$ cat start.tsv   # TSV, C-alpha atoms
chain	number	residue	atom	x	y	z
I	1	MET	CA	-21.53	203.84	124.78
I	2	SER	CA	-18.82	201.64	123.38
I	3	ARG	CA	-17.93	198.15	124.53
I	4	SER	CA	-14.23	198.83	124.11
I	5	ARG	CA	-12.12	199.76	127.11
I	6	ASP	CA	-10.33	202.98	126.23
I	7	ARG	CA	-6.86	202.91	127.73
I	8	GLY	CA	-6.57	206.65	127.32
I	9	ALA	CA	-3.75	208.90	126.29
I	10	ASP	CA	-1.83	208.26	129.55
I	11	PHE	CA	-1.14	204.58	128.83
I	12	GLN	CA	2.56	203.94	129.53
I	13	ARG	CA	4.41	200.64	129.23
I	14	GLN	CA	6.09	200.53	132.65
I	15	PHE	CA	6.96	197.63	134.96
I	16	GLU	CA	6.26	198.80	138.52
I	17	GLY	CA	7.78	195.81	140.30
I	18	ALA	CA	6.92	192.25	141.26
I	19	GLN	CA	4.59	193.09	144.13
I	20	THR	CA	2.43	195.36	141.99
I	21	LEU	CA	2.31	192.91	139.09
I	22	ASP	CA	1.52	190.00	141.43
I	23	GLY	CA	-1.46	191.92	142.79
I	24	LEU	CA	-2.70	192.89	139.34
I	25	LEU	CA	-2.41	189.32	138.06
I	26	ASP	CA	-4.34	188.01	141.06
I	27	LEU	CA	-7.11	190.59	140.69
I	28	SER	CA	-7.46	189.74	136.99
I	29	GLY	CA	-7.79	186.01	137.54
I	30	SER	CA	-4.36	184.81	136.39
I	31	PRO	CA	-2.90	181.78	138.21
I	32	LEU	CA	0.65	183.04	137.53
I	33	ASP	CA	2.91	185.30	139.57
I	34	SER	CA	5.47	187.75	138.23
I	35	ALA	CA	8.33	185.20	138.33
I	36	GLU	CA	6.36	182.76	136.18
I	37	VAL	CA	5.36	185.54	133.79
I	38	LEU	CA	8.99	186.63	133.48
I	39	ALA	CA	10.12	183.06	132.74
I	40	ARG	CA	7.50	182.69	130.02
I	41	MET	CA	8.48	186.02	128.49
I	42	GLN	CA	12.14	185.03	128.39
I	43	ALA	CA	11.26	181.74	126.70
I	44	ALA	CA	9.01	183.54	124.23
I	45	ARG	CA	11.76	186.00	123.34
I	46	ALA	CA	14.11	183.08	122.70
I	47	ASP	CA	11.75	181.30	120.32
I	48	GLY	CA	10.39	184.42	118.61
I	49	THR	CA	6.86	184.37	120.00
I	50	ALA	CA	5.10	187.75	119.82
I	51	TYR	CA	3.80	189.26	123.05
I	52	SER	CA	0.32	189.49	121.51
I	53	ASP	CA	0.28	185.68	121.30
I	54	LEU	CA	1.93	185.19	124.68
I	55	ILE	CA	-0.07	187.39	127.04
I	56	PRO	CA	-3.44	185.60	126.53
I	57	THR	CA	-1.76	182.38	127.78
I	58	PHE	CA	-1.35	183.98	131.21
I	59	PHE	CA	-5.06	183.36	131.80
I	60	GLU	CA	-6.88	180.02	131.90
I	61	GLU	CA	-10.12	181.80	131.00
I	62	GLU	CA	-11.09	185.26	129.73
I	63	PRO	CA	-9.64	187.77	132.24
I	64	ARG	CA	-12.24	189.50	134.43
I	65	PHE	CA	-11.07	192.93	135.49
I	66	PRO	CA	-12.60	194.57	138.58
I	67	SER	CA	-12.32	197.96	136.85
I	68	PRO	CA	-10.87	199.58	133.71
I	69	GLU	CA	-8.07	201.01	135.88
I	70	ILE	CA	-6.94	197.52	136.92
I	71	ALA	CA	-6.96	196.39	133.28
I	72	ARG	CA	-4.93	199.41	132.21
I	73	ARG	CA	-2.31	198.99	134.94
I	74	LEU	CA	-1.96	195.27	134.29
I	75	TYR	CA	-1.20	195.75	130.60
I	76	GLN	CA	1.09	198.69	131.36
I	77	ASN	CA	3.12	196.42	133.64
I	78	LEU	CA	3.07	193.39	131.35
I	79	LEU	CA	4.16	195.39	128.33
I	80	GLY	CA	6.74	197.25	130.38
I	81	LEU	CA	8.20	193.94	131.58
I	82	TRP	CA	8.15	192.61	128.01
I	83	ASP	CA	10.11	195.65	126.83
I	84	LEU	CA	12.79	194.96	129.44
I	85	VAL	CA	13.02	191.31	128.40
I	86	GLU	CA	13.11	192.16	124.71
I	87	GLU	CA	15.92	194.65	125.30
I	88	GLY	CA	17.90	191.98	127.14
I	89	LYS	CA	17.96	193.90	130.41
I	90	ALA	CA	18.27	192.18	133.76
I	91	VAL	CA	15.02	192.15	135.71
I	92	ARG	CA	15.07	192.05	139.50
I	93	LEU	CA	11.95	190.70	141.15
I	94	GLU	CA	13.23	190.79	144.74
I	95	ASP	CA	12.12	193.53	147.10
I	96	ASP	CA	14.69	196.31	147.25
I	97	GLY	CA	12.65	198.88	149.12
I	98	PRO	CA	9.26	199.60	150.62
I	99	ARG	CA	6.51	197.46	149.16
I	100	PRO	CA	4.27	199.49	146.83
I	101	PRO	CA	0.58	199.54	147.73
I	102	ARG	CA	-1.39	196.65	146.29
I	103	PRO	CA	-4.08	197.77	143.87
I	104	LYS	CA	-7.43	197.70	145.59
I	105	LYS	CA	-10.19	195.61	144.13
I	106	VAL	CA	-13.07	197.93	143.32
I	107	LYS	CA	-16.40	196.35	144.21
I	108	ALA	CA	-18.91	196.70	141.42
I	109	THR	CA	-22.19	198.28	142.51
I	110	PRO	CA	-25.51	197.82	140.70
I	111	PRO	CA	-27.15	200.87	139.15
I	112	ALA	CA	-30.07	202.51	140.92
I	113	PRO	CA	-33.38	201.10	139.60
I	114	PHE	CA	-35.38	203.21	137.13
I	115	HIS	CA	-38.69	201.75	138.44
I	116	PRO	CA	-41.41	203.01	138.15
I	117	GLY	CA	-40.21	205.10	135.19
I	118	GLU	CA	-38.11	204.28	132.13
I	119	PRO	CA	-34.37	203.66	131.82
I	120	THR	CA	-32.11	206.54	130.90
I	121	ALA	CA	-28.95	206.36	128.81
I	122	GLU	CA	-26.97	206.72	132.04
I	123	PHE	CA	-28.76	203.73	133.57
I	124	VAL	CA	-28.09	201.56	130.50
I	125	GLU	CA	-24.38	202.46	130.54
I	126	ALA	CA	-24.11	201.79	134.28
I	127	ALA	CA	-26.01	198.50	133.97
I	128	TRP	CA	-23.78	197.30	131.13
I	129	ARG	CA	-20.62	198.13	133.08
I	130	TYR	CA	-21.99	196.40	136.17
I	131	LEU	CA	-22.68	193.24	134.14
I	132	GLU	CA	-19.15	193.42	132.75
I	133	ASP	CA	-17.50	193.88	136.15
I	134	ASP	CA	-19.56	191.67	138.50
I	135	GLU	CA	-19.18	188.07	137.35
I	136	LYS	CA	-21.27	186.68	140.21
I	137	SER	CA	-24.27	188.87	139.38
I	138	ARG	CA	-23.90	188.18	135.68
I	139	THR	CA	-23.91	184.43	136.34
I	140	ARG	CA	-26.99	184.73	138.56
I	141	LEU	CA	-28.86	186.72	135.92
I	142	THR	CA	-27.77	184.28	133.20
I	143	HIS	CA	-29.34	181.41	135.13
I	144	SER	CA	-32.47	183.48	135.72
I	145	PHE	CA	-32.70	184.28	132.01
I	146	GLU	CA	-32.27	180.66	130.94
I	147	ASN	CA	-34.80	179.37	133.46
I	148	ARG	CA	-37.47	182.07	133.30
I	149	GLN	CA	-37.29	182.82	129.58
I	150	ASP	CA	-36.75	179.28	128.31
I	151	ALA	CA	-39.85	179.43	126.07
I	152	MET	CA	-38.54	182.54	124.32
I	153	LEU	CA	-35.15	180.90	123.93
I	154	GLY	CA	-36.84	177.87	122.42
I	155	ALA	CA	-38.45	180.10	119.80
I	156	LEU	CA	-35.06	181.66	119.13
I	157	ASP	CA	-33.58	178.17	118.64
I	158	ALA	CA	-36.20	177.51	115.98
I	159	ALA	CA	-35.69	180.79	114.13
I	160	GLY	CA	-33.27	179.30	111.59
I	161	LEU	CA	-30.35	181.62	112.29
I	162	THR	CA	-26.72	180.77	111.65
I	163	ASP	CA	-24.56	180.04	114.69
I	164	GLU	CA	-23.17	183.59	114.55
I	165	GLY	CA	-26.60	185.19	114.26
I	166	TYR	CA	-28.03	183.05	117.04
I	167	GLY	CA	-25.12	183.92	119.32
I	168	VAL	CA	-25.59	187.66	118.75
I	169	ALA	CA	-29.37	187.50	119.28
I	170	ARG	CA	-29.18	185.37	122.42
I	171	HIS	CA	-26.40	187.45	123.99
I	172	LEU	CA	-28.17	190.72	123.30
I	173	LEU	CA	-31.54	189.50	124.55
I	174	PHE	CA	-29.83	188.33	127.75
I	175	GLU	CA	-28.24	191.75	128.29
I	176	LEU	CA	-31.56	193.52	127.73
I	177	TYR	CA	-33.29	191.10	130.11
I	178	ALA	CA	-30.59	191.62	132.74
I	179	MET	CA	-30.85	195.41	132.47
I	180	LEU	CA	-34.61	195.25	132.97
I	181	GLU	CA	-34.22	192.92	135.96
I	182	LEU	CA	-31.70	195.31	137.50
I	183	GLY	CA	-33.86	198.37	136.91
I	184	TRP	CA	-37.30	196.94	137.68
I	185	PRO	CA	-37.21	195.29	141.15
I	186	PRO	CA	-40.67	193.65	140.85
I	187	GLY	CA	-39.13	191.55	138.08
I	188	LEU	CA	-40.37	190.17	134.78
I	189	THR	CA	-42.81	187.41	133.91
I	190	ALA	CA	-42.03	184.71	131.38
I	191	VAL	CA	-42.35	185.77	127.74
I	192	SER	CA	-44.46	183.75	125.33
I	193	PRO	CA	-42.55	182.25	122.38
I	194	ALA	CA	-45.22	183.74	120.11
I	195	ALA	CA	-43.72	187.15	120.89
I	196	LEU	CA	-40.76	186.37	118.60
I	197	GLU	CA	-43.03	185.04	115.87
I	198	ALA	CA	-45.70	187.76	115.73
I	199	ASP	CA	-45.45	189.73	112.51
I	200	THR	CA	-46.61	192.99	114.05
I	201	ASP	CA	-45.01	196.32	114.84
I	202	ALA	CA	-43.51	196.51	118.30
I	203	PRO	CA	-44.97	199.06	120.72
I	204	PRO	CA	-42.92	202.15	121.58
I	205	LEU	CA	-39.78	201.14	123.47
I	206	PRO	CA	-37.43	203.14	125.73
I	207	GLN	CA	-35.00	204.84	123.37
I	208	PRO	CA	-31.86	204.09	125.45
I	209	LEU	CA	-32.56	200.33	125.31
I	210	GLN	CA	-33.26	200.46	121.59
I	211	ALA	CA	-30.09	202.51	121.03
I	212	TYR	CA	-28.05	199.94	122.97
I	213	ALA	CA	-29.45	197.14	120.82
I	214	ASP	CA	-28.82	199.08	117.60
I	215	GLU	CA	-25.20	199.74	118.57
I	216	ALA	CA	-24.61	196.09	119.43
I	217	LEU	CA	-26.03	195.01	116.07
I	218	PHE	CA	-23.90	197.56	114.24
I	219	GLU	CA	-20.81	196.15	115.96
I	220	ALA	CA	-21.88	192.62	114.96
I	221	GLU	CA	-22.17	193.74	111.35
I	222	GLN	CA	-18.70	195.31	111.49
I	223	ASP	CA	-17.02	192.42	113.31
I	224	GLU	CA	-13.65	191.68	111.68
I	225	GLU	CA	-13.71	187.91	112.21
I	226	GLN	CA	-17.37	186.89	111.75
I	227	PRO	CA	-19.48	189.81	110.50
I	228	LEU	CA	-23.19	189.21	110.03
I	229	SER	CA	-24.49	189.40	106.49
I	230	SER	CA	-27.11	192.02	105.67
I	231	GLN	CA	-29.81	189.37	105.43
I	232	GLU	CA	-28.83	187.75	108.70
I	233	LEU	CA	-28.55	191.13	110.40
I	234	GLU	CA	-32.13	192.03	109.46
I	235	ALA	CA	-33.40	188.71	110.80
I	236	VAL	CA	-31.53	189.20	114.07
I	237	ARG	CA	-32.67	192.81	114.31
I	238	ARG	CA	-36.31	191.76	113.90
I	239	LEU	CA	-36.03	189.05	116.56
I	240	VAL	CA	-34.22	191.31	119.02
I	241	ARG	CA	-36.76	194.09	118.59
I	242	ARG	CA	-39.65	191.69	119.14
I	243	GLY	CA	-37.86	190.16	122.11
I	244	LEU	CA	-37.16	193.56	123.66
I	245	ALA	CA	-40.79	194.58	123.19
I	246	ALA	CA	-41.93	191.36	124.83
I	247	LEU	CA	-39.54	191.77	127.76
I	248	TRP	CA	-40.59	195.39	128.24
I	249	SER	CA	-44.23	194.30	128.28
I	250	ALA	CA	-43.42	191.51	130.77
I	251	ARG	CA	-42.63	193.89	133.64
I	252	LYS	CA	-44.59	192.97	136.75
I	253	GLY	CA	-46.81	195.52	138.46
I	254	ARG	CA	-46.96	198.06	135.65

$ encode --input "start.tsv" --output "structure tokens"
Amino acid sequence: MSRSRDRGADFQRQFEGAQTLDGLLDLSGSPLDSAEVLARMQAARADGTAYSDLIPTFFEEEPRFPSPEIARRLYQNLLGLWDLVEEGKAVRLEDDGPRPPRPKKVKATPPAPFHPGEPTAEFVEAAWRYLEDDEKSRTRLTHSFENRQDAMLGALDAAGLTDEGYGVARHLLFELYAMLELGWPPGLTAVSPAALEADTDAPPLPQPLQAYADEALFEAEQDEEQPLSSQELEAVRRLVRRGLAALWSARKGR
């Protein structure tokens, strides 16, 4: 269950035309069209800017892809267009034939609840992907987390973590909270801040949720830009495990 989007062995740098690229840019949240992208690429080629530095400027915020397929096709087209510009070839953006079908926006669907049982690995994977793909639902659950679990977040604020450690712990606790809210329709009660401070062993937890947390912490430790130190990692791991145990125990109507 990796957070990376695998482009697969069939990834091909190919520009499919202005209409297709326009649709892909729109679906991914870019304010540009293919003509504006082409102009920026031509300017970048002239001043020696690398495409890896250029492409992120096509988005005002982090791109939000409706599906991995949309992400793959967008980068195939952008890199294909870049190759044409870099080779000095003329690029025609006008229609010269039937318009290709516009990529369809795939509506993200929430996973089926696991209530009244426990989450499976398949549920956790589906819930994570849903949170990645549905920005509206993620925003709603973020507000719910901040409002309903503010006492727990206050305890996390006071835990003495570095900015990096705090960011990892808060983000992971939000994802675990959101997964439980998605899978347990009765919802969760507010967690006491003492739950993050209690120096006791956590009760048995669903293995798929624990495995998700362990993988996220491993990735934080291996991060190339801001890896967590061993000491910080253990502190974050302890807080996340206590927080997960408290959230699991906060399910309504058990």

$ atom_distance --input "start.tsv" --atom1 "CA of Phe65 in chain I" --atom2 "CA of Glu132 in chain I"
8.5 Å

$ atom_distance --input "start.tsv" --atom1 "CA of Tyr51 in chain I" --atom2 "CA of Glu225 in chain I"
20.6 Å

$ axis_aligned_box --input "start.tsv" --around "range 237-243 of chain I" --padding-each-side "8 Å" --output "JSON"
{"center_x": -36.2, "center_y": 191.6, "center_z": 118.0, "size_x": 23.0, "size_y": 21.0, "size_z": 24.2}

$ atom_distance --input "start.tsv" --atom1 "CA of Thr20 in chain I" --atom2 "CA of Leu93 in chain I"
10.6 Å

$ residues_around --input "start.tsv" --residues "Arg140 in chain I" --least-positions-apart "5" --cutoff "12 Å" --atoms "all atoms listed in the file" --output "PyMOL selection string"
chain I and resi 131+134-135+145-147+174+178+181-182

$ closest_residue --input "start.tsv" --among "I:Leu228, I:Met179, I:Pro204, I:Ala126" --to "Tyr166 in chain I" --atoms "all atoms listed in the file"
I:Leu228
